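Here is start.cif, consisting of mmCIF, C-alpha atoms:
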data_query
#
loop_
_atom_site.label_atom_id
_atom_site.label_comp_id
_atom_site.auth_asym_id
_atom_site.auth_seq_id
_atom_site.Cartn_x
_atom_site.Cartn_y
_atom_site.Cartn_z
CA MET A 1308 -31.61 -22.41 -40.91
CA ALA A 1309 -32.09 -18.92 -42.28
CA GLU A 1310 -30.02 -15.98 -41.14
CA SER A 1311 -32.08 -13.88 -38.77
CA SER A 1312 -32.96 -10.23 -39.38
CA THR A 1313 -35.28 -9.70 -36.45
CA THR A 1314 -38.23 -7.36 -36.52
CA GLU A 1315 -39.61 -7.79 -33.02
CA SER A 1316 -43.27 -6.85 -32.78
CA ARG A 1317 -46.05 -7.21 -30.24
CA ALA A 1318 -49.76 -7.93 -30.48
CA ARG A 1319 -52.53 -8.55 -27.98
CA PHE A 1320 -55.83 -10.40 -28.24
CA GLY A 1321 -57.75 -10.13 -24.98
CA LYS A 1322 -55.50 -11.60 -22.28
CA ARG A 1323 -53.12 -13.19 -24.81
CA HIS A 1324 -49.83 -11.35 -25.41
CA ILE A 1325 -47.94 -12.27 -28.58
CA LEU A 1326 -44.29 -11.58 -29.37
CA TYR A 1327 -43.41 -12.19 -33.03
CA ASP A 1328 -40.96 -11.54 -35.84
CA ALA A 1329 -42.77 -9.25 -38.29
CA SER A 1330 -40.29 -10.17 -41.01
CA LEU A 1331 -41.58 -13.76 -40.89
CA ILE A 1332 -45.27 -13.46 -40.11
CA GLU A 1333 -47.95 -10.84 -40.66
CA HIS A 1334 -50.78 -10.15 -38.24
CA PRO A 1335 -50.50 -13.21 -35.95
CA GLU A 1336 -53.81 -14.81 -35.05
CA VAL A 1337 -54.97 -16.57 -31.91
CA GLY A 1338 -55.48 -19.70 -34.02
CA LEU A 1339 -51.72 -19.86 -34.50
CA PHE A 1340 -51.51 -21.23 -30.95
CA ALA A 1341 -54.61 -23.47 -30.91
CA ILE A 1342 -52.72 -26.75 -30.63
CA ASP A 1343 -55.78 -29.02 -30.40
CA ASN A 1344 -57.31 -27.48 -33.53
CA LEU A 1345 -54.01 -27.71 -35.38
CA LYS A 1346 -53.68 -31.40 -34.50
CA SER A 1347 -57.15 -32.16 -35.81
CA GLN A 1348 -56.58 -30.14 -38.99
CA THR A 1349 -53.20 -31.66 -39.83
CA GLY A 1350 -53.70 -35.15 -38.45
CA GLN A 1351 -50.37 -34.85 -36.66
CA HIS A 1352 -49.61 -36.43 -33.32
CA ALA A 1353 -47.81 -34.68 -30.50
CA LEU A 1354 -44.08 -34.67 -31.08
CA ALA A 1355 -43.24 -35.00 -27.42
CA ALA A 1356 -45.12 -36.02 -24.32
CA GLY A 1357 -44.33 -34.50 -20.97
CA ARG A 1358 -42.97 -30.96 -20.73
CA GLY A 1359 -43.40 -29.98 -24.35
CA HIS A 1360 -46.40 -30.80 -26.53
CA ALA A 1361 -45.82 -29.83 -30.15
CA VAL A 1362 -47.31 -30.22 -33.61
CA PHE A 1363 -46.23 -29.53 -37.20
CA PHE A 1364 -48.50 -27.30 -39.30
CA GLU A 1365 -48.57 -24.87 -42.23
CA HIS A 1366 -49.30 -21.15 -41.91
CA GLN A 1367 -48.78 -18.30 -44.38
CA ASN A 1368 -46.84 -20.66 -46.68
CA GLN A 1369 -44.44 -21.63 -43.92
CA ALA A 1370 -43.80 -25.02 -42.33
CA LEU A 1371 -43.97 -24.35 -38.60
CA VAL A 1372 -43.85 -26.12 -35.24
CA LEU A 1373 -46.00 -25.14 -32.27
CA LYS A 1374 -44.75 -26.09 -28.80
CA HIS A 1375 -47.15 -25.81 -25.89
CA TYR A 1376 -45.33 -25.50 -22.57
CA ARG A 1377 -46.46 -28.12 -20.08
CA ARG A 1378 -44.99 -29.10 -16.75
CA GLY A 1379 -43.40 -32.47 -16.09
CA GLY A 1380 -43.15 -34.56 -12.94
CA GLN A 1381 -45.58 -34.68 -10.03
CA ILE A 1382 -46.39 -30.97 -10.15
CA ALA A 1383 -48.01 -31.52 -13.57
CA ALA A 1384 -50.89 -33.30 -11.84
CA VAL A 1385 -51.65 -30.06 -9.99
CA LEU A 1386 -50.69 -27.26 -12.36
CA GLY A 1387 -50.70 -28.98 -15.76
CA ASP A 1388 -49.77 -26.29 -18.28
CA ARG A 1389 -49.95 -23.32 -15.88
CA TYR A 1390 -46.87 -21.40 -14.72
CA LEU A 1391 -46.66 -18.98 -11.82
CA GLY A 1392 -46.48 -15.29 -12.68
CA ARG A 1393 -48.33 -12.73 -14.78
CA ASN A 1394 -45.32 -10.93 -16.28
CA CYS A 1395 -45.09 -12.20 -19.86
CA GLU A 1396 -41.62 -10.73 -20.26
CA ARG A 1397 -40.41 -13.35 -17.77
CA SER A 1398 -42.42 -16.22 -19.27
CA ARG A 1399 -40.60 -19.26 -20.63
CA ALA A 1400 -42.00 -18.61 -24.10
CA PHE A 1401 -40.78 -15.02 -24.36
CA ARG A 1402 -37.38 -15.90 -22.91
CA GLU A 1403 -36.86 -18.86 -25.25
CA TRP A 1404 -38.02 -16.81 -28.25
CA ARG A 1405 -35.45 -14.12 -27.49
CA LEU A 1406 -32.70 -16.65 -26.79
CA LEU A 1407 -33.36 -18.33 -30.14
CA GLN A 1408 -33.26 -14.95 -31.87
CA ALA A 1409 -29.91 -14.18 -30.29
CA MET A 1410 -28.52 -17.57 -31.32
CA CYS A 1411 -29.74 -17.07 -34.87
CA GLN A 1412 -27.86 -13.78 -34.94
CA LEU A 1413 -24.77 -15.81 -33.98
CA ARG A 1414 -25.58 -18.23 -36.83
CA LEU A 1415 -25.91 -21.17 -34.47
CA PRO A 1416 -27.91 -24.17 -35.76
CA VAL A 1417 -31.24 -23.73 -33.95
CA PRO A 1418 -34.88 -23.40 -35.03
CA VAL A 1419 -35.83 -19.93 -36.24
CA PRO A 1420 -38.32 -18.40 -33.78
CA VAL A 1421 -41.52 -17.03 -35.29
CA ALA A 1422 -43.89 -16.16 -32.44
CA ALA A 1423 -44.39 -16.63 -28.71
CA SER A 1424 -47.61 -16.43 -26.74
CA CYS A 1425 -48.30 -15.75 -23.06
CA SER A 1426 -51.82 -15.81 -21.59
CA PRO A 1427 -52.01 -14.60 -17.96
CA GLN A 1428 -54.94 -15.74 -15.84
CA GLY A 1429 -55.07 -15.03 -12.14
CA LEU A 1430 -51.66 -15.69 -10.61
CA PHE A 1431 -50.60 -17.95 -13.50
CA HIS A 1432 -50.00 -17.94 -17.23
CA ARG A 1433 -49.97 -20.41 -20.13
CA ALA A 1434 -47.35 -20.22 -22.87
CA ASP A 1435 -46.60 -21.32 -26.43
CA LEU A 1436 -43.76 -21.00 -28.93
CA VAL A 1437 -43.86 -21.22 -32.73
CA THR A 1438 -40.68 -21.89 -34.72
CA GLN A 1439 -39.85 -22.76 -38.30
CA GLN A 1440 -39.53 -26.46 -39.05
CA ILE A 1441 -36.08 -27.89 -39.66
CA HIS A 1442 -36.46 -30.25 -42.61
CA ASP A 1443 -34.88 -33.64 -43.25
CA VAL A 1444 -33.64 -34.24 -39.71
CA ILE A 1445 -34.38 -36.84 -37.05
CA PRO A 1446 -33.75 -36.84 -33.29
CA LEU A 1447 -30.47 -38.52 -32.45
CA ALA A 1448 -32.32 -40.92 -30.12
CA GLU A 1449 -34.56 -42.12 -32.95
CA HIS A 1450 -31.67 -42.48 -35.38
CA LEU A 1451 -29.74 -44.65 -32.92
CA LEU A 1452 -32.72 -46.94 -32.47
CA GLU A 1453 -32.56 -47.66 -36.19
CA LYS A 1454 -28.84 -47.67 -36.99
CA PRO A 1455 -25.49 -46.47 -35.65
CA CYS A 1456 -23.89 -43.14 -36.40
CA THR A 1457 -20.54 -43.11 -38.15
CA HIS A 1458 -17.41 -41.97 -36.34
CA GLN A 1459 -17.53 -38.79 -38.41
CA THR A 1460 -21.15 -38.06 -37.46
CA TRP A 1461 -20.29 -38.32 -33.78
CA ARG A 1462 -17.43 -35.89 -34.34
CA VAL A 1463 -19.80 -33.46 -36.09
CA ILE A 1464 -22.16 -33.66 -33.10
CA GLY A 1465 -19.27 -32.90 -30.77
CA ARG A 1466 -18.19 -29.91 -32.87
CA CYS A 1467 -21.77 -28.62 -32.90
CA ILE A 1468 -22.01 -28.71 -29.10
CA ARG A 1469 -18.63 -26.99 -28.85
CA ARG A 1470 -19.93 -24.11 -31.02
CA PHE A 1471 -22.69 -23.45 -28.50
CA HIS A 1472 -20.32 -23.66 -25.55
CA ASP A 1473 -17.85 -21.32 -27.22
CA ALA A 1474 -20.76 -18.87 -27.65
CA SER A 1475 -21.53 -19.26 -23.89
CA VAL A 1476 -24.89 -20.91 -24.60
CA TYR A 1477 -26.16 -23.23 -21.87
CA HIS A 1478 -28.72 -25.88 -22.88
CA ALA A 1479 -30.67 -26.84 -19.76
CA ASP A 1480 -31.76 -30.22 -21.13
CA LEU A 1481 -29.09 -31.47 -23.51
CA ASN A 1482 -30.20 -35.02 -24.28
CA ALA A 1483 -30.45 -37.40 -27.22
CA ARG A 1484 -33.94 -36.19 -28.12
CA ASN A 1485 -32.93 -32.55 -28.37
CA ILE A 1486 -30.19 -33.14 -30.93
CA LEU A 1487 -31.49 -33.33 -34.51
CA ILE A 1488 -29.28 -34.81 -37.19
CA ASN A 1489 -29.09 -35.41 -40.89
CA ALA A 1490 -26.32 -38.00 -40.94
CA GLU A 1491 -26.15 -38.08 -44.75
CA PHE A 1492 -25.20 -34.41 -45.06
CA GLY A 1493 -23.52 -33.96 -41.66
CA ARG A 1494 -26.07 -31.46 -40.36
CA VAL A 1495 -26.72 -31.13 -36.62
CA PHE A 1496 -29.13 -28.84 -34.75
CA LEU A 1497 -29.97 -28.32 -31.09
CA VAL A 1498 -33.60 -27.72 -30.10
CA ASP A 1499 -35.73 -27.09 -27.01
CA PHE A 1500 -33.97 -24.27 -25.19
CA ASP A 1501 -36.57 -23.91 -22.46
CA LYS A 1502 -34.66 -22.57 -19.42
CA GLY A 1503 -31.55 -22.16 -21.56
CA ALA A 1504 -29.38 -19.07 -21.16
CA PHE A 1505 -26.10 -17.35 -21.92
CA ARG A 1506 -23.53 -18.17 -19.23
CA HIS A 1507 -20.43 -16.01 -19.30
CA LEU A 1508 -18.97 -16.97 -15.92
CA GLY A 1509 -17.15 -20.20 -15.15
CA GLU A 1510 -16.51 -23.32 -17.20
CA SER A 1511 -17.87 -26.17 -15.05
CA TRP A 1512 -21.33 -25.94 -16.62
CA LYS A 1513 -19.88 -27.06 -19.95
CA ALA A 1514 -18.61 -30.34 -18.51
CA ALA A 1515 -21.93 -30.79 -16.70
CA ASN A 1516 -23.73 -30.25 -20.01
CA LEU A 1517 -21.71 -33.02 -21.66
CA ALA A 1518 -22.22 -35.32 -18.67
CA ARG A 1519 -25.97 -34.84 -18.94
CA LEU A 1520 -25.91 -35.85 -22.59
CA GLN A 1521 -23.77 -38.90 -21.81
CA ARG A 1522 -26.22 -40.00 -19.09
CA SER A 1523 -29.06 -39.59 -21.55
CA LEU A 1524 -27.39 -41.81 -24.14
CA PHE A 1525 -26.54 -44.56 -21.62
CA LYS A 1526 -30.06 -44.36 -20.23
CA PHE A 1527 -31.47 -45.09 -23.69
CA LYS A 1528 -28.98 -47.95 -23.93
CA SER A 1529 -30.17 -49.38 -20.60
CA PHE A 1530 -33.75 -49.40 -21.84
CA ASN A 1531 -32.87 -51.05 -25.17
CA PRO A 1532 -29.73 -53.18 -25.63
CA TYR A 1533 -30.02 -52.64 -29.40
CA PHE A 1534 -29.66 -48.88 -29.01
CA ASN A 1535 -26.60 -48.08 -31.15
CA PHE A 1536 -24.35 -46.32 -28.69
CA GLY A 1537 -21.13 -47.26 -26.89
CA ARG A 1538 -17.94 -45.90 -25.38
CA ASP A 1539 -16.21 -45.56 -28.74
CA ASP A 1540 -19.06 -43.37 -29.97
CA TRP A 1541 -18.74 -41.08 -26.96
CA ASN A 1542 -15.00 -40.84 -27.48
CA ALA A 1543 -15.60 -39.82 -31.09
CA LEU A 1544 -18.00 -37.10 -29.91
CA LEU A 1545 -15.34 -35.83 -27.51
CA GLU A 1546 -12.77 -35.80 -30.33
CA GLY A 1547 -15.06 -33.48 -32.26
CA TYR A 1548 -15.74 -31.35 -29.21
CA LYS A 1549 -12.04 -30.95 -28.45
CA GLY A 1550 -11.14 -30.38 -32.10
CA ASP A 1551 -8.77 -33.35 -32.18
CA ASP A 1552 -7.49 -34.36 -35.62
#
Mind turning the file's structure into structure tokens?
Amino acid sequence: MAESSTTESRARFGKRHILYDASLIEHPEVGLFAIDNLKSQTGQHALAAGRGHAVFFEHQNQALVLKHYRRGGQIAAVLGDRYLGRNCERSRAFREWRLLQAMCQLRLPVPVPVAASCSPQGLFHRADLVTQQIHDVIPLAEHLLEKPCTHQTWRVIGRCIRRFHDASVYHADLNARNILINAEFGRVFLVDFDKGAFRHLGESWKAANLARLQRSLFKFKSFNPYFNFGRDDWNALLEGYKGDD
């Protein structure tokens, strides 16, 4: 993760509004957000089904990730990738882009935001987010399907989450897919901050955040008995979170 020195800029192509970091990208193009074209060009599959559809690609000598915002649940059958509202400043893409920029300024381990797109149409808008790729990492959920994490790796994950909580960062969907790890080098990142925010009041949300992650891990375990997670692993994560020796 590179240290951020933000140069926030704006561009517009027809109805599409683009927010971007001019220190990372020059003259953003509409094609930067054409996810179907990028998939066909790169041969990549979607990284995630459901709320976020994403693809890896190269642009201006950078390895990037494009996430297309898409609804989940039953409402997806009606609205698909449309969100209510025409004000791009309040769009999920613009809010996540700015939250990521703020976290980069705090040197938290998150993807570096490059550009965000909002395309109003009628009463709705569609949105996209481009970030830099984080290399040599794997989602925690995928890692645990292959092999267990060491006690030390669980502690590192706990310490990572504590850094975000100490910075008052709330992750709205902290689960085993949104934690990226490189177990060999002890690197941990959090991704997908859609609906995330800074929360400066109260402490209960931190415990709720951890409980959500624990439910996620046990849910994976319920689906696959060979998923490498148990109570001792969770206790090791809590040791790291609490800073226990």
Residues within 8 Å of range 1420-1424 of chain A, all atoms listed in the file, excluding chain neighbours under 3 positions, as an MDAnalysis selection string = chainID A and resid 1323:1328 1331:1332 1340 1400:1401 1404 1407:1408 1434:1439
Between A:Leu1339, A:Cys1425, A:Leu1371, A:Leu1517, which has the minimum distance to Arg1317 in chain A (counting all atoms listed in the file)?
-> A:Cys1425
What is the CA of Ala1318 in chain A to CA of Val1498 in chain A distance in Å?
->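 Taking CA of Ala1318 in chain A and CA of Val1498 in chain A, their separation equals 25.6 Å.
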Taking the file as shown, what set of residues would the PyMOL selection byres ((chain A and resi 1489-1496) around 9) give back, as JSON, numbers by chain?
-> {"A": [1415, 1416, 1417, 1418, 1441, 1443, 1444, 1445, 1450, 1456, 1457, 1459, 1460, 1463, 1464, 1467, 1485, 1486, 1487, 1488, 1497, 1498]}
Answer key for the PyMOL selection byres ((chain A and resi 1518-1531) around 10), residues as a PyMOL selection string | chain A and resi 1447-1448+1451-1452+1479-1486+1512-1517+1532-1538+1541
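Our summary of the geometry notes that CA of His1472 in chain A is positioned 20.3 Å from CA of Pro1446 in chain A.
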Name the residues in contact with Tyr1548 in chain A at a cut-off of 10 Å, using only C-alpha atoms, excluding same-chain residues fewer than 2 positions from it; report them as JSON, numbers by chain.
-> {"A": [1461, 1462, 1463, 1464, 1465, 1466, 1467, 1468, 1469, 1470, 1472, 1517, 1542, 1543, 1544, 1545, 1546, 1550, 1551]}
What does the distance from CA of Cys1411 in chain A to CA of Leu1508 in chain A come to in Å, to one decimal?
->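 Result for CA of Cys1411 in chain A versus CA of Leu1508 in chain A: 21.8 Å, one decimal.
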Give the answer as one residue: which of A:Glu1449, A:Leu1373, A:Lys1549, A:Thr1314 has the shortest atom-to-atom distance to Asp1473 in chain A, using all atoms listed in the file?
-> A:Lys1549
Target residues per the PyMOL selection byres ((chain A and resi 1393) around 10), formatted as a count of residues only = 17
Could you get me a file of range 1435-1528 of chain A with C-alpha atoms, as a PDB file, in the first residue's frame, taken from the block above?
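Result written to decode.pdb:
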ATOM      1  CA  ASP A1435     -18.258   2.078  -9.907  1.00  0.00           C
ATOM      2  CA  LEU A1436     -14.987   2.234  -7.986  1.00  0.00           C
ATOM      3  CA  VAL A1437     -11.427   1.667  -9.223  1.00  0.00           C
ATOM      4  CA  THR A1438      -8.617   0.886  -6.772  1.00  0.00           C
ATOM      5  CA  GLN A1439      -5.044  -0.294  -7.034  1.00  0.00           C
ATOM      6  CA  GLN A1440      -4.531  -4.037  -6.769  1.00  0.00           C
ATOM      7  CA  ILE A1441      -3.004  -5.445  -3.605  1.00  0.00           C
ATOM      8  CA  HIS A1442      -0.521  -8.066  -4.747  1.00  0.00           C
ATOM      9  CA  ASP A1443       0.298 -11.468  -3.266  1.00  0.00           C
ATOM     10  CA  VAL A1444      -2.717 -11.712  -0.980  1.00  0.00           C
ATOM     11  CA  ILE A1445      -5.680 -14.071  -0.739  1.00  0.00           C
ATOM     12  CA  PRO A1446      -9.054 -13.706   0.997  1.00  0.00           C
ATOM     13  CA  LEU A1447      -8.971 -15.231   4.456  1.00  0.00           C
ATOM     14  CA  ALA A1448     -11.942 -17.448   3.528  1.00  0.00           C
ATOM     15  CA  GLU A1449     -10.046 -18.952   0.594  1.00  0.00           C
ATOM     16  CA  HIS A1450      -6.891 -19.472   2.622  1.00  0.00           C
ATOM     17  CA  LEU A1451      -8.799 -21.363   5.317  1.00  0.00           C
ATOM     18  CA  LEU A1452     -10.333 -23.660   2.730  1.00  0.00           C
ATOM     19  CA  GLU A1453      -6.807 -24.720   1.788  1.00  0.00           C
ATOM     20  CA  LYS A1454      -4.908 -24.719   5.079  1.00  0.00           C
ATOM     21  CA  PRO A1455      -5.047 -23.327   8.620  1.00  0.00           C
ATOM     22  CA  CYS A1456      -3.577 -20.042   9.749  1.00  0.00           C
ATOM     23  CA  THR A1457      -0.889 -20.100  12.395  1.00  0.00           C
ATOM     24  CA  HIS A1458      -1.545 -18.729  15.868  1.00  0.00           C
ATOM     25  CA  GLN A1459       0.642 -15.753  14.967  1.00  0.00           C
ATOM     26  CA  THR A1460      -1.318 -15.024  11.771  1.00  0.00           C
ATOM     27  CA  TRP A1461      -4.566 -14.923  13.731  1.00  0.00           C
ATOM     28  CA  ARG A1462      -2.950 -12.490  16.159  1.00  0.00           C
ATOM     29  CA  VAL A1463      -1.834 -10.284  13.251  1.00  0.00           C
ATOM     30  CA  ILE A1464      -5.407 -10.262  11.921  1.00  0.00           C
ATOM     31  CA  GLY A1465      -6.664  -9.223  15.343  1.00  0.00           C
ATOM     32  CA  ARG A1466      -4.095  -6.423  15.585  1.00  0.00           C
ATOM     33  CA  CYS A1467      -5.072  -5.217  12.110  1.00  0.00           C
ATOM     34  CA  ILE A1468      -8.755  -4.961  13.038  1.00  0.00           C
ATOM     35  CA  ARG A1469      -7.812  -3.148  16.245  1.00  0.00           C
ATOM     36  CA  ARG A1470      -5.922  -0.517  14.207  1.00  0.00           C
ATOM     37  CA  PHE A1471      -9.103   0.308  12.315  1.00  0.00           C
ATOM     38  CA  HIS A1472     -11.192   0.426  15.478  1.00  0.00           C
ATOM     39  CA  ASP A1473      -8.654   2.663  17.196  1.00  0.00           C
ATOM     40  CA  ALA A1474      -8.950   4.995  14.182  1.00  0.00           C
ATOM     41  CA  SER A1475     -12.775   4.930  14.612  1.00  0.00           C
ATOM     42  CA  VAL A1476     -13.274   3.147  11.276  1.00  0.00           C
ATOM     43  CA  TYR A1477     -16.435   1.069  11.020  1.00  0.00           C
ATOM     44  CA  HIS A1478     -16.486  -1.722   8.409  1.00  0.00           C
ATOM     45  CA  ALA A1479     -20.126  -2.434   7.551  1.00  0.00           C
ATOM     46  CA  ASP A1480     -19.435  -5.957   6.269  1.00  0.00           C
ATOM     47  CA  LEU A1481     -16.453  -7.356   8.139  1.00  0.00           C
ATOM     48  CA  ASN A1482     -16.356 -10.982   7.030  1.00  0.00           C
ATOM     49  CA  ALA A1483     -13.833 -13.634   6.015  1.00  0.00           C
ATOM     50  CA  ARG A1484     -13.963 -12.594   2.362  1.00  0.00           C
ATOM     51  CA  ASN A1485     -13.119  -8.965   3.066  1.00  0.00           C
ATOM     52  CA  ILE A1486      -9.892  -9.728   4.917  1.00  0.00           C
ATOM     53  CA  LEU A1487      -6.915 -10.273   2.601  1.00  0.00           C
ATOM     54  CA  ILE A1488      -3.811 -11.942   3.962  1.00  0.00           C
ATOM     55  CA  ASN A1489      -0.297 -12.885   3.044  1.00  0.00           C
ATOM     56  CA  ALA A1490       0.396 -15.404   5.795  1.00  0.00           C
ATOM     57  CA  GLU A1491       4.050 -15.830   4.806  1.00  0.00           C
ATOM     58  CA  PHE A1492       4.932 -12.183   5.433  1.00  0.00           C
ATOM     59  CA  GLY A1493       2.269 -11.386   8.034  1.00  0.00           C
ATOM     60  CA  ARG A1494       0.453  -8.836   5.880  1.00  0.00           C
ATOM     61  CA  VAL A1495      -3.266  -8.176   6.388  1.00  0.00           C
ATOM     62  CA  PHE A1496      -5.595  -5.777   4.551  1.00  0.00           C
ATOM     63  CA  LEU A1497      -9.285  -4.939   4.840  1.00  0.00           C
ATOM     64  CA  VAL A1498     -11.296  -4.330   1.661  1.00  0.00           C
ATOM     65  CA  ASP A1499     -14.827  -3.466   0.544  1.00  0.00           C
ATOM     66  CA  PHE A1500     -15.781  -0.458   2.635  1.00  0.00           C
ATOM     67  CA  ASP A1501     -19.140   0.093   0.973  1.00  0.00           C
ATOM     68  CA  LYS A1502     -21.331   1.758   3.645  1.00  0.00           C
ATOM     69  CA  GLY A1503     -18.308   2.037   5.938  1.00  0.00           C
ATOM     70  CA  ALA A1504     -17.771   5.203   7.966  1.00  0.00           C
ATOM     71  CA  PHE A1505     -15.901   6.911  10.771  1.00  0.00           C
ATOM     72  CA  ARG A1506     -17.729   6.408  14.070  1.00  0.00           C
ATOM     73  CA  HIS A1507     -16.535   8.614  16.893  1.00  0.00           C
ATOM     74  CA  LEU A1508     -19.367   8.006  19.361  1.00  0.00           C
ATOM     75  CA  GLY A1509     -19.790   4.908  21.482  1.00  0.00           C
ATOM     76  CA  GLU A1510     -17.905   1.620  21.630  1.00  0.00           C
ATOM     77  CA  SER A1511     -20.589  -1.041  21.124  1.00  0.00           C
ATOM     78  CA  TRP A1512     -20.155  -1.042  17.346  1.00  0.00           C
ATOM     79  CA  LYS A1513     -16.633  -2.430  17.768  1.00  0.00           C
ATOM     80  CA  ALA A1514     -17.879  -5.536  19.582  1.00  0.00           C
ATOM     81  CA  ALA A1515     -20.653  -5.888  16.992  1.00  0.00           C
ATOM     82  CA  ASN A1516     -18.022  -5.698  14.248  1.00  0.00           C
ATOM     83  CA  LEU A1517     -16.060  -8.558  15.804  1.00  0.00           C
ATOM     84  CA  ALA A1518     -19.240 -10.585  16.348  1.00  0.00           C
ATOM     85  CA  ARG A1519     -20.102 -10.215  12.668  1.00  0.00           C
ATOM     86  CA  LEU A1520     -16.698 -11.558  11.671  1.00  0.00           C
ATOM     87  CA  GLN A1521     -17.031 -14.480  14.090  1.00  0.00           C
ATOM     88  CA  ARG A1522     -20.448 -15.371  12.644  1.00  0.00           C
ATOM     89  CA  SER A1523     -18.957 -15.256   9.170  1.00  0.00           C
ATOM     90  CA  LEU A1524     -16.174 -17.671  10.087  1.00  0.00           C
ATOM     91  CA  PHE A1525     -18.516 -20.156  11.801  1.00  0.00           C
ATOM     92  CA  LYS A1526     -20.903 -19.909   8.859  1.00  0.00           C
ATOM     93  CA  PHE A1527     -18.117 -20.986   6.509  1.00  0.00           C
ATOM     94  CA  LYS A1528     -17.356 -23.799   8.940  1.00  0.00           C
TER      95      LYS A1528
END
